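Novice: Would you mind keeping the following structure in view while I ask a few things?
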Amino acid sequence: MTSVIKVIGNKLEFNGKVYKCAYGKNGFAKNKQEGDNCTPIGTYPLREVFYKYERPKTGLPCQQISEFDGWCDDINHMDYNKHIKLPHFARHEKLLRQDDLYDVVVVIGYNDAPIVKGAGSAIFMHVAKPNYDGTEGCIALKLPDLLEVLAGTQSNTKISLNNEAI
């Protein structure tokens, strides 16, 4: 049976528990565009987990982040919305960051099958800022909450973003 993580506004529900979360600075969008700071509405698979320190308990594939891991957000490049190895000449995000926001990063399968240029990239579930400030389109939770949610995920777990009330 497929389990579903449900997100509506700043609440995430999974396995009978509700967690506070952050979402896009500009809310949710049905027609997400690159750089709009919106979280895409819809239901998506969880692809994999990148982690900085200790491998989280999860049924999802995991890999440790290195200085060579990035994510391409250049709409004019063939690697758009893909995990890349650094150095890379196209515009990108580094997954190994100085802050703790990407200590654990869950790749949400948004705009990846197929990839549509300009429809948004790097939609993740990751660690929230201390005051739950809005994200660039991701979902963010406190690290202990993120780890608790991950512990209940399997390879077929999906995330439903803002399409039904909790």
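If you're wondering about the labels, chains in the structure tokens are A, B, ... by order shown, residues count from 1 in each chain, ligands from 1 in order shown.
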What are the nearest atom pairs, with distances in Å to one decimal, for all residues of stretch 67-104 of chain A that come at most 12 Å from stretch 138-161 of chain A, using only C-alpha atoms, set out by chain and rising residue number as a tab-separated table?
Specialist:
```
residue	atom	partner	partner_atom	distance
A:Asp100	CA	A:Leu143	CA	9.1
A:Leu101	CA	A:Ala140	CA	8.4
A:Tyr102	CA	A:Ala140	CA	9.9
A:Asp103	CA	A:Leu143	CA	8.3
A:Val104	CA	A:Leu143	CA	7.8
```
Novice: Include C-alpha atoms and write out the residues we just selected as a PDB file, in the first residue's frame.
Specialist:
```
ATOM      1  CA  ASP A 100      22.181  23.252   8.009  1.00  0.00           C
ATOM      2  CA  LEU A 101      19.265  23.507   5.549  1.00  0.00           C
ATOM      3  CA  TYR A 102      20.565  20.676   3.363  1.00  0.00           C
ATOM      4  CA  ASP A 103      21.846  18.407   6.132  1.00  0.00           C
ATOM      5  CA  VAL A 104      19.063  16.088   4.919  1.00  0.00           C
TER       6      VAL A 104
END
```
Novice: Give me the residues near A:Ile123 as a PyMOL selection string, where near means some atom within 10 Å (using only C-alpha atoms) and where sequence neighbours in that chain fewer than 3 positions away do not count.
Specialist: chain A and resi 38-40+81+105-111+120+126+135-139
Novice: Produce a table with one row for each residue of stretch 42-132 of chain A that has an atom at most 12 Å from any atom of stretch 26-30 of chain A, each row naming the nearest atom pair and its distance in Å at one decimal; use only C-alpha atoms; arrange rows by chain and rising residue number; format as CSV.
Specialist:
```
residue,atom,partner,partner_atom,distance
A:Gly42,CA,A:Lys30,CA,7.7
A:Thr43,CA,A:Lys30,CA,11.5
A:Ala119,CA,A:Lys30,CA,10.6
A:Gly120,CA,A:Ala29,CA,10.9
```
Novice: Hey, can you spit out that residue selection with N, CA and C atoms as an mmCIF file, in the first residue's frame?
Specialist:
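out13.cif, written as the output of this step:
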```cif
data_model
loop_
_atom_site.group_PDB
_atom_site.id
_atom_site.type_symbol
_atom_site.label_atom_id
_atom_site.label_comp_id
_atom_site.auth_asym_id
_atom_site.auth_seq_id
_atom_site.Cartn_x
_atom_site.Cartn_y
_atom_site.Cartn_z
ATOM 1 N N GLY A 42 0.217 19.368 -6.260
ATOM 2 C CA GLY A 42 0.118 18.062 -6.893
ATOM 3 C C GLY A 42 0.607 16.966 -5.981
ATOM 4 N N THR A 43 0.604 15.754 -6.488
ATOM 5 C CA THR A 43 1.087 14.587 -5.752
ATOM 6 C C THR A 43 2.272 14.010 -6.506
ATOM 7 N N ALA A 119 9.749 24.921 -15.830
ATOM 8 C CA ALA A 119 8.607 24.598 -14.973
ATOM 9 C C ALA A 119 8.991 24.436 -13.504
ATOM 10 N N GLY A 120 10.246 24.669 -13.179
ATOM 11 C CA GLY A 120 10.694 24.581 -11.791
ATOM 12 C C GLY A 120 11.642 23.432 -11.570
#
```
Novice: Mind listing the helix (DSSP H, G or I) residues of stretch 5-162 of chain A, per DSSP on the backbone, as a list in words?
Specialist: Leu143, Pro144, Asp145, Leu146, Leu147, Glu148, Val149, Leu150 and Ala151 of chain A
Novice: Please identify which residues in chain A DSSP calls strand (DSSP E) from the backbone, and express them as a PyMOL selection string.
Specialist: chain A and resi 4-8+11-14+17-20+28-29+39-40+42-51+62-64+69-72+83-85+92-94+104-108+124-127+139-141+158-161
Novice: May I ask for the distance between atom CA of A:Asp79 and atom CA of A:His92, given in Å to one decimal place?
Specialist: 9.7 Å
Novice: Name all residues at most 9 Å from A:Arg55 (count only C-alpha atoms; drop same-chain ones fewer than 6 positions away) and give them as JSON, numbers by chain.
Specialist: {"A": [49, 62, 63, 64, 104]}
Novice: With all heavy atoms kept, could you save the residues just selected as an mmCIF file, in the first residue's frame?
Specialist:
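Final output, selection04.cif:
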```
data_model
loop_
_atom_site.group_PDB
_atom_site.id
_atom_site.type_symbol
_atom_site.label_atom_id
_atom_site.label_comp_id
_atom_site.auth_asym_id
_atom_site.auth_seq_id
_atom_site.Cartn_x
_atom_site.Cartn_y
_atom_site.Cartn_z
ATOM 1 N N VAL A 49 17.237 10.401 -1.008
ATOM 2 C CA VAL A 49 17.648 11.251 0.098
ATOM 3 C C VAL A 49 19.149 11.486 0.005
ATOM 4 O O VAL A 49 19.927 10.544 -0.172
ATOM 5 C CB VAL A 49 17.318 10.599 1.462
ATOM 6 C CG1 VAL A 49 17.770 11.490 2.615
ATOM 7 C CG2 VAL A 49 15.832 10.282 1.572
ATOM 8 N N CYS A 62 19.468 6.333 -0.473
ATOM 9 C CA CYS A 62 20.215 7.418 0.178
ATOM 10 C C CYS A 62 21.634 7.493 -0.355
ATOM 11 O O CYS A 62 22.223 6.467 -0.710
ATOM 12 C CB CYS A 62 20.318 7.172 1.682
ATOM 13 S SG CYS A 62 18.774 7.271 2.575
ATOM 14 N N GLN A 63 22.173 8.718 -0.365
ATOM 15 C CA GLN A 63 23.595 8.886 -0.635
ATOM 16 C C GLN A 63 24.120 10.087 0.141
ATOM 17 O O GLN A 63 23.416 11.081 0.312
ATOM 18 C CB GLN A 63 23.908 8.971 -2.115
ATOM 19 C CG GLN A 63 23.413 10.173 -2.852
ATOM 20 C CD GLN A 63 23.903 10.158 -4.298
ATOM 21 O OE1 GLN A 63 25.086 10.319 -4.574
ATOM 22 N NE2 GLN A 63 22.976 9.970 -5.224
ATOM 23 N N GLN A 64 25.348 9.948 0.617
ATOM 24 C CA GLN A 64 25.962 11.027 1.372
ATOM 25 C C GLN A 64 26.384 12.147 0.428
ATOM 26 O O GLN A 64 26.899 11.910 -0.657
ATOM 27 C CB GLN A 64 27.162 10.512 2.167
ATOM 28 C CG GLN A 64 27.664 11.533 3.162
ATOM 29 C CD GLN A 64 28.554 10.920 4.229
ATOM 30 O OE1 GLN A 64 29.099 9.829 4.066
ATOM 31 N NE2 GLN A 64 28.694 11.631 5.333
ATOM 32 N N VAL A 104 19.851 17.196 5.475
ATOM 33 C CA VAL A 104 19.063 16.088 4.919
ATOM 34 C C VAL A 104 18.179 16.693 3.829
ATOM 35 O O VAL A 104 17.452 17.651 4.082
ATOM 36 C CB VAL A 104 18.200 15.394 5.992
ATOM 37 C CG1 VAL A 104 17.317 14.320 5.369
ATOM 38 C CG2 VAL A 104 19.075 14.791 7.089
#
```
Novice: Tell me, as a list in words, which residues lie within 10 Å of A:Tyr80, counting only C-alpha atoms; anything in the same chain fewer than 5 positions away does not count.
Specialist: Trp71, Cys72, Asp73, Asp74, Ile75, Ala90, Arg91, His92, Asn111, Asp112, Ile115, Val116, Lys117, Gly118, Gly120, Ser121 and Ala122 of chain A
